[in-house]
Amino acid sequence: MILQKFLLRLMTMAVTLFGVAVVVFVVIRVAPGDPIAMMLPPGAGPEDIERLRALYGLDKSLPQQFVIWLGGVLQGDFGTSISLRQDVLSLVLGRLPATLELATLALLMALAIGGPLAILGARERGTAVEAGIDVAGGAALSIPDFLWGLLLILVFGVLAPIFEISGRVSPSLDLPFATQFYLVESILRLRFDLTADLLAHMFIPALALALPLAAIITLLLKQSLKEVMDLDYVVLARVKGFSETQVILREALKNAALPTLTLIGVQFTFLIGGTVIVERLFSYEGLGNMAIDAVINRDLPLIQGIVLVFALIFVLINLAVDLSYALLNPRLRHG
Amino acid sequence: MADRLFTVEGLKVSLPDMARKPLLGPAPMLDILHGLDFTLERNCITGIVGESGSGKSTLGRALVRLLEPSAGSVVFDGHDIAHLPEPALKPLRRDLQMIFQDPMSSLNPRRTIGAIIAAPMRHHGLADRIDERVAAALTRVGLPENFAARYRHQLSGGQRQRVGIARALALEPKFVLADEIVSGLDVSTQAQILTLLDQLASEMGLTIAFISHDLSVIRRLCRNTIVMRAGRIVEAGPTDALFAAPRETYTRELIAAIPLPEIDDDWLTR
Amino acid sequence: MTAQPLCLSIGALSATLPNGDRVLRSVSLDVAAGEVHALVGESGAGKSMIGKALLGVLPPGVRQVEGSITLEGTRLETLAPAARRRLIGARTALIPQDPLTALNPSRRIGPQMTDRLTHILGWPAASARARIREMLAEVHIREPDRVIAAYPHELSGGMRQRVLIAAAFAAEPRLIVADEPTTALDVTVQKQILRLIADLQRRHGTAILFVTHDLGVVAKISQSVSVLYAGMVVERAPAPELFATPRHAYTKALMAATPRYTHPASSLQPVNSAVLAELALEVRAADTEWKRAHG
Amino acid sequence: MDSARATRRPSARLWLAGLWLALVFIAAIAAPLLAPQDPLAQDLLYERLPPFWMAGSESGYPLGTDSLGRDLLSRLIYGARIAVIVALVAAFAACLLGSALGLIAGYFGGWADRIISRLVDIWMAFPPVLFAILLVAVLGTGLHSVIIAIAVIDWTRFCRVVRAETMVQARMDYIENARIVGFGRWRIMLSEVLPNVLPPIIALLSLEMGIAVIVEAILSFVNLSISTDDPTWGGIIAEGRLSIHQAWWILVFPLITLFLTVLSFSQFGEGLKSRFDPVLR
């Protein structure tokens with residue numbers, strides 16, 4: 001049963017990824033602009049254009065191009081970037097760690113802000129404390145990461161310049177890193193001076209990404225906790241003599257968190273989607289920033305590669321959420 | 001021989017068991033009703049009683065064709081409706097009405113009570129003098145006419161259930177299915193609704209299938225009774241006879257398990 | 001009546017909603033040690049609120065504004081919150097209404113049954129485990145090890161209710177609040193559960209505050225009864241007396257409105273509007289007096 | 001979370017949010033009358049003038065000027081035009097498309113649901129901002145491209161909510177009763193289900209208007225919205241981001257405007273929803 005469900009899940013994932021590939025392929029090829037013309041120096045002849053066209057496979061029919069491209073993708077070949085003239089896969093893999101570190105830091109910040117606030121609000125339900133959390137949460141929720149980013153740039157970049165507002169790491173520093181996971185590696189290598197510099201750069205963009213998610217976690221988890229806390233087994237725990245905090249942590253939290261998990265997973269994919277513009281805003285050298293450049297340069301292979309990588313991350317997050325839901329829920333675990 | 005409105009033979013209902021649905025293809029079917037034979041007399045309230053999982057609600061839904069039976073015949077007023085497609089059912093729908101257990105769920109929250117009662121009448125060509133008809137339907141169930149302008153949430157539980165009755169009876173149907181309609185109510189309200197339904201049934205000559213888990217309520221209201229267990233009929237017959245001399249052990253157990261509001265010291269140990 | 005020691009004594013208990021309306025209107029009642037006292041009434045009568053006030057689990061916004069609750073000689077109001085919680089945990093227990101929501105779906109049955117013994121009462125884990133195995137045997141559960149290791153969804157409704165009853169009696173409480181413990185069950189299961197509660201109650205000498213809306217259940221399980229309407233006790237009597245000669249018009253009306261399979265159709269009478277009008281007057285009089293006393 | 005918040009003073013936030021939105025709409029309609037200067041007029045003598053309360057300000061330029069000497073207030077007022085048009089048209093388009101598909105998927109289930117849900121999955125696997133930038137790049141810059149891009153991307157938001165809410169409603173007994181009466185499926189969907197899913201749709205529509213304004217600002221920010229000369233809030237912000245250390249006001253004023261507008265749209269929607277929902281469930 002469980003295995004069957006898992007296989008079904010993998011199948012739908014594959015269908016989703018294929019759909020994404022088709023959509024992005026079709027969308028970028030109805031574009032009126034000619035990427036080849038953009039990369040040639042003025043005065044190049046028509047035969048130069050034809051030669052390049054053939055080189056990038058753009059002379060074939062759309063379905064043919066798609067089959068060739070998809071065949072390459074399945075073998076790990078995403079093609080060559082037109083504007084950067086490099087292998088798409090290595091370009092993407094070079095930038096992906098920066099984005100993953102930023103998104104993960106943002107997720108941790110959102111959980112660190114949202115979780116305790118949700119518990120506090122549920123504990124103080126019906127009081128002014130809860131009302132305050134509701135108002136703040138409602139406002140934080142409706143302001144998107146882009147605006148938070150700008151606001152934080154003003155506050156921490158201009159009014160009180162505590163943090164960096166541009167780039168990933170100070171350019172003057174000498175980087176001993178072997179991988180692109182700078183933050184992780186700086187910690188592993190015990191180079192905390194570098195960690196501090198990286199965090200100083202990541203703090204504001206991560207906070208901008210984290211705030212809307214923190215608000216959603218606060219409100220959803222608090223609501224879920226309140227519902228669970230009206231159930232008989234929680235009342236029973238109070239009668240047993242457990243204190244309110246014990247009751248929340250022992251009995252309510254896990255059952256309240258489970259139903260919010262799926263929604264928080266979806267919201268986390270939104271957060272990752274938000275890195276595109278936030279990276280741009282903070283000139284942070286991640287995948288999203290590269291994606292915008294790729295669109296502006298009409299770099300078709302690079303756009304396709306990046307979009308597909310994002311889609312892969314999204315479906316993997318959803319899969320991870322489903323799996324952890326199944327693992328945490330005894331009802332499913334014992335199918 | 002009493003005049004029969006429903007004649008049911010070999011009624012089977014199976015529903016897909018989504019819990020055991022395989023990866024591809026349809027879910028296996030789970031048998032809910034295992035071939036029921038019974039009749040419902042005209043102008044008579046028949047009680048259908050059983051514990052949870054007995055299939056009584058599924059039976060009711062098959063009678064009013066919210067479900068399509070998987071086998072058997074359901075002859076209603078001369079038509080076998082067991083497998084009629086929806087268009088062919090349409091002219092019969094007017095005569096197959098239903099009152100639901102939970103009026104919070106069965107009354108559309110965004111419509112006035114008047115609109116809720118009027119909609120079925122308009123649909124079945126009774127659009128003329130509609131306000132008068134709505135007022136009459138409300139009066140019939142003992143509600144003031146000005147309730148037509150109210151919404152569900154402005155009514156008490158008993159009043160909501162009266163609206164459910166008014167809506168079902170507005171079409172003057174030949175048959176009404178009442179599914180656990182008093183189980184959510186307090187005893188005092190329950191007594192009012194039972195008395196009302198009894199009085200309307202005799203005035204209007206209604207044929208009602210009254211589904212309930214409560215034998216005391218069945219005893220109060222129904223002339224005939226069908227006792228169900230696990231998708232089968234255990235016993236059926238006139239209510240008086242069934243209570244006076246139950247033939248089946250299960251019926252006897254069911255009756256003996258009802259706590260009467262009387263002091264009886266060894267009831268618990270019996 | 002002989003002068004048995006009182007297990008629970010509630011005096012002039014009033015509780016209010018956030019808007020100031022009273023849900024309990026100066027409720028007084030006594031429960032003798034080892035006695036089953038039924039609280040009966042229709043929805044909105046406040047019957048569950050009394051148990052919740054005693055156990056300190058009133059819903060958010062509902063406050064006890066007046067009155068005393070005395071449990072085995074200790075006035076609960078005089079205790080600090082933590083001490084009160086410990087006393088409640090040690091001396092009382094709750095059998096809740098809905099066995100489906102009364103067990104934590106993500107914890108195994110065993111720890112849910114032992115946590116009061118080990119975490120609140122400080123029993124060693126081994127003796128707590130031995131104790132619940134004993135209790136499971138008392139509620140006629142044949143495979144205690146399977147049940148202890150099970151998650152709630154692996155047990156039937158009747159089974160879960162047995163587990164809850166066993167857990168309630170496990171710490172030998174002096175008083176159990178049973179809040180409509182059989183309402184969600186089928187009649188045949190209800191009878192088994194009622195029998196079980198009565199058995200254990202007699203064997204352990206536990207007092208029970210039995211909340212129900214069903215006069216039939218009241219007649220079968222309780223020794224004394226309080227009939228409630230709108231948060232007021234309208235009649236209080238030993239059970240045999242109440243059913244033989246109900247005094248208050250509302251009690252009479254309630255009895256006449258309860259259908260009985262032994263009586264033919266005609267005997268059922270809806271509650272008379274005169275009775276309701278009289279009750280409304282009583283409520284108003286009580287509120288006027290209360291307001292005068294409280295400004 | 002909504003019900004608890006909604007019951008607390010819904011009217012205050014409805015009125016405050018409504019007031020600000022009314023100001024924005026008036027600015028959009030009457031821009032030529034309200035703007036003190038021509039929003040496109042450059043004057044290099046007046047570049048980066050500070051706002052009125054600071055030393056060095058000029059009368060007639062109350063909020064100062066940008067790096068080309070264009071009046072900031074006038075550009076903000078004209079920018080409201082684009083914002084309002086995008087908010088209204090794009091949000092309604094996304095709402096219609098998404099709600100219709102959500103209703104169908106939620107009510108009919110089966111194959112319709114499977115296809116629509118798969119489509120939503122595919123759409124949700126795109127980073128929305130990147131998708132919007134890509135679409136506008138493909139369609140060519142301009143107001144209509146921005147609107148199409150927003151509608152094409154954000155219909156899923158409506159579809160998911162409406163589908164879920166429709167499935168809740170479809171399980172209600174009043175739907176069964178409508179079948180008992182003999183109503184057809186489309187009639188039940190449109191006249192019984194739809195009114196009950198309207199409150200969340202309205203709240204979402206208002207929220208989406210705010211989102212549309214933001215997306216337009218983001219597109220302007222990466223220079224992909226409408227022509228670069230036309231005043232848009234996002235365009236001003238992009239410029240402000242560059243001159244943040246020399247002239248902070250170029251960023252601050254459009255940011256405040258955008259902030260208030262987005263907040264107002266969402267609060268207005270929540271307020272309307274509780275106003276529209278007399279039903280105490």
# chains A, B, ... in the order shown; residues from 1 in each chain; ligands from 1
>>> residues_around(residues="B:Asp179", least_positions_apart="6", cutoff="9 Å", atoms="only C-alpha atoms", output="list in words")
Lys56, Ser57, Gly60, Met98, Ile99, Phe100, Gln101, Ala209, Phe210, Ile211 and Ser212 of chain B
>>> write_last_selection(atoms="N, CA and C atoms", output="PDB file, in the first residue's frame")
ATOM      1  N   LYS B  56     -28.572   1.568   7.464  1.00  0.00           N
ATOM      2  CA  LYS B  56     -29.897   2.177   7.371  1.00  0.00           C
ATOM      3  C   LYS B  56     -29.894   3.454   6.549  1.00  0.00           C
ATOM      4  N   SER B  57     -28.841   4.268   6.703  1.00  0.00           N
ATOM      5  CA  SER B  57     -28.799   5.505   5.919  1.00  0.00           C
ATOM      6  C   SER B  57     -28.546   5.226   4.440  1.00  0.00           C
ATOM      7  N   GLY B  60     -31.801   4.351   2.941  1.00  0.00           N
ATOM      8  CA  GLY B  60     -32.612   5.545   2.686  1.00  0.00           C
ATOM      9  C   GLY B  60     -32.164   6.245   1.419  1.00  0.00           C
ATOM     10  N   MET B  98     -36.867  14.492   1.043  1.00  0.00           N
ATOM     11  CA  MET B  98     -36.024  14.038   2.147  1.00  0.00           C
ATOM     12  C   MET B  98     -35.880  15.128   3.203  1.00  0.00           C
ATOM     13  N   ILE B  99     -35.863  14.706   4.476  1.00  0.00           N
ATOM     14  CA  ILE B  99     -35.534  15.604   5.588  1.00  0.00           C
ATOM     15  C   ILE B  99     -34.227  15.070   6.183  1.00  0.00           C
ATOM     16  N   PHE B 100     -33.296  15.995   6.445  1.00  0.00           N
ATOM     17  CA  PHE B 100     -31.953  15.569   6.833  1.00  0.00           C
ATOM     18  C   PHE B 100     -31.744  15.641   8.339  1.00  0.00           C
ATOM     19  N   GLN B 101     -30.684  14.951   8.781  1.00  0.00           N
ATOM     20  CA  GLN B 101     -30.362  14.930  10.205  1.00  0.00           C
ATOM     21  C   GLN B 101     -29.950  16.308  10.714  1.00  0.00           C
ATOM     22  N   ALA B 209     -40.500   7.136   5.441  1.00  0.00           N
ATOM     23  CA  ALA B 209     -39.527   6.188   5.989  1.00  0.00           C
ATOM     24  C   ALA B 209     -38.737   6.950   7.026  1.00  0.00           C
ATOM     25  N   PHE B 210     -38.828   6.510   8.290  1.00  0.00           N
ATOM     26  CA  PHE B 210     -38.233   7.245   9.397  1.00  0.00           C
ATOM     27  C   PHE B 210     -37.036   6.467   9.926  1.00  0.00           C
ATOM     28  N   ILE B 211     -35.834   6.961   9.559  1.00  0.00           N
ATOM     29  CA  ILE B 211     -34.609   6.276   9.978  1.00  0.00           C
ATOM     30  C   ILE B 211     -34.190   6.779  11.349  1.00  0.00           C
ATOM     31  N   SER B 212     -33.921   5.858  12.284  1.00  0.00           N
ATOM     32  CA  SER B 212     -33.503   6.279  13.613  1.00  0.00           C
ATOM     33  C   SER B 212     -32.708   5.177  14.292  1.00  0.00           C
TER      34      SER B 212
END
>>> closest_atom_pairs(of="chain B", to="chain C", cutoff="7 Å", atoms="only C-alpha atoms", output="CSV")
residue,atom,partner,partner_atom,distance
B:Glu51,CA,C:Asp186,CA,5.9
B:Ser52,CA,C:Asp186,CA,6.8
B:Asp186,CA,C:Glu42,CA,5.8
B:Val187,CA,C:Thr258,CA,6.0
B:Ser188,CA,C:Val271,CA,5.5
B:Ala191,CA,C:Pro270,CA,4.8
B:Gln192,CA,C:Pro270,CA,5.1
B:Leu215,CA,C:Tyr261,CA,6.7
B:Ser216,CA,C:Tyr261,CA,4.4
B:Val217,CA,C:Pro259,CA,5.9
B:Arg219,CA,C:Tyr261,CA,5.5
B:Arg220,CA,C:Ala265,CA,4.3
B:Leu221,CA,C:Ala265,CA,6.4
B:Leu254,CA,C:Thr188,CA,6.4
B:Ala257,CA,C:Thr188,CA,5.3
B:Ile258,CA,C:Val187,CA,6.3
B:Pro259,CA,C:Gly216,CA,4.6
B:Leu260,CA,C:Gly216,CA,4.5
B:Pro261,CA,C:Gly216,CA,3.8
B:Glu262,CA,C:Ala219,CA,5.6
B:Ile263,CA,C:Ala219,CA,5.2
B:Asp264,CA,C:Lys220,CA,6.7
B:Leu268,CA,C:Arg195,CA,5.5
>>> write_last_selection(atoms="N, CA, C and O atoms", output="compact mmCIF listing (two decimals), in the first residue's frame")
# COMPACT_ATOMS: atom_id res chain seq x y z
N GLU B 51 -28.15 -0.02 14.52
CA GLU B 51 -27.02 0.66 15.15
C GLU B 51 -26.09 1.17 14.06
O GLU B 51 -26.33 0.96 12.87
N SER B 52 -24.99 1.84 14.46
CA SER B 52 -24.11 2.38 13.44
C SER B 52 -23.51 1.24 12.62
O SER B 52 -23.22 0.18 13.16
N ASP B 186 -32.72 18.22 21.61
CA ASP B 186 -33.05 17.94 23.01
C ASP B 186 -34.39 17.23 23.09
O ASP B 186 -35.23 17.38 22.20
N VAL B 187 -34.62 16.52 24.20
CA VAL B 187 -35.88 15.77 24.29
C VAL B 187 -37.11 16.65 24.14
O VAL B 187 -38.10 16.23 23.51
N SER B 188 -37.11 17.84 24.74
CA SER B 188 -38.32 18.65 24.66
C SER B 188 -38.58 19.07 23.22
O SER B 188 -39.72 19.00 22.73
N ALA B 191 -39.69 16.01 21.19
CA ALA B 191 -41.10 15.67 21.38
C ALA B 191 -41.98 16.55 20.49
O ALA B 191 -42.96 16.08 19.89
N GLN B 192 -41.62 17.84 20.38
CA GLN B 192 -42.40 18.74 19.52
C GLN B 192 -42.34 18.30 18.06
O GLN B 192 -43.36 18.23 17.37
N LEU B 215 -35.06 3.21 19.42
CA LEU B 215 -36.28 2.42 19.36
C LEU B 215 -37.45 3.10 20.06
O LEU B 215 -38.61 2.92 19.66
N SER B 216 -37.18 3.87 21.09
CA SER B 216 -38.27 4.55 21.80
C SER B 216 -38.96 5.55 20.87
O SER B 216 -40.18 5.69 20.89
N VAL B 217 -38.16 6.25 20.08
CA VAL B 217 -38.72 7.21 19.14
C VAL B 217 -39.53 6.50 18.06
O VAL B 217 -40.63 6.90 17.70
N ARG B 219 -41.00 3.66 18.30
CA ARG B 219 -42.22 3.18 18.96
C ARG B 219 -43.28 4.28 19.01
O ARG B 219 -44.45 4.06 18.82
N ARG B 220 -42.80 5.51 19.28
CA ARG B 220 -43.71 6.64 19.42
C ARG B 220 -44.39 6.97 18.09
O ARG B 220 -45.53 7.37 18.05
N LEU B 221 -43.66 6.80 16.98
CA LEU B 221 -44.09 7.42 15.73
C LEU B 221 -44.56 6.43 14.66
O LEU B 221 -45.44 6.76 13.85
N LEU B 254 -31.68 -5.48 21.51
CA LEU B 254 -31.74 -4.05 21.22
C LEU B 254 -32.75 -3.37 22.16
O LEU B 254 -32.48 -2.30 22.71
N ALA B 257 -31.59 -3.17 25.77
CA ALA B 257 -30.47 -2.27 26.05
C ALA B 257 -30.93 -0.83 26.27
O ALA B 257 -30.14 0.01 26.68
N ILE B 258 -32.20 -0.55 25.98
CA ILE B 258 -32.66 0.83 26.15
C ILE B 258 -32.89 1.14 27.62
O ILE B 258 -33.65 0.43 28.29
N PRO B 259 -32.23 2.15 28.16
CA PRO B 259 -32.49 2.49 29.56
C PRO B 259 -33.76 3.31 29.68
O PRO B 259 -33.85 4.41 29.15
N LEU B 260 -34.76 2.77 30.35
CA LEU B 260 -36.00 3.51 30.54
C LEU B 260 -35.85 4.47 31.72
O LEU B 260 -35.12 4.17 32.66
N PRO B 261 -36.52 5.60 31.67
CA PRO B 261 -36.42 6.53 32.80
C PRO B 261 -37.26 6.04 33.99
O PRO B 261 -38.21 6.69 34.40
N GLU B 262 -36.90 4.89 34.50
CA GLU B 262 -37.59 4.31 35.65
C GLU B 262 -36.54 3.62 36.49
O GLU B 262 -35.58 3.06 35.95
N ILE B 263 -36.73 3.65 37.79
CA ILE B 263 -35.79 2.95 38.65
C ILE B 263 -35.98 1.45 38.48
O ILE B 263 -37.10 0.94 38.50
N ASP B 264 -34.85 0.76 38.21
CA ASP B 264 -34.92 -0.68 37.97
C ASP B 264 -33.54 -1.20 38.35
O ASP B 264 -32.61 -1.15 37.57
N LEU B 268 -28.99 -3.19 35.02
CA LEU B 268 -27.58 -3.20 34.59
C LEU B 268 -27.00 -4.61 34.56
O LEU B 268 -26.16 -4.91 33.73
>>> residues_around(residues="stretch 228-238 of chain B", least_positions_apart="2", cutoff="6 Å", atoms="only C-alpha atoms", output="PyMOL selection string")
chain B and resi 32-34+50+54-55+223-226+240-241
>>> interface_residues(of="chain A", to="chain B", cutoff="9 Å", atoms="only C-alpha atoms", output="MDAnalysis selection string")
chainID A and resid 1 4:5 7:8
>>> interface_residues(of="chain B", to="chain D", cutoff="8 Å", atoms="only C-alpha atoms", output="VMD selection string")
chain B and resid 64 66 90 93 to 94 96 to 98 100 102 105 to 110 120 123 153
>>> interface_residues(of="chain D", to="chain A", cutoff="6 Å", atoms="only C-alpha atoms", output="list in words")
Met1, Ile122, Ala125, Phe126, Pro127, Val138 and Leu263 of chain D
>>> interface_residues(of="chain C", to="chain A", cutoff="8 Å", atoms="only C-alpha atoms", output="ChimeraX atom specification")
/C:55-57,60-61,82,85-90,92-94,96-98,101-106,116,120,151,153
>>> residues_around(residues="stretch 118-120 of chain D", least_positions_apart="2", cutoff="8 Å", atoms="only C-alpha atoms", output="list of chain:residue names")
A:Thr16, D:Arg114, D:Ile115, D:Ile116, D:Ile122, D:Trp123, D:Met124, D:Thr156, D:Cys159, D:Arg160
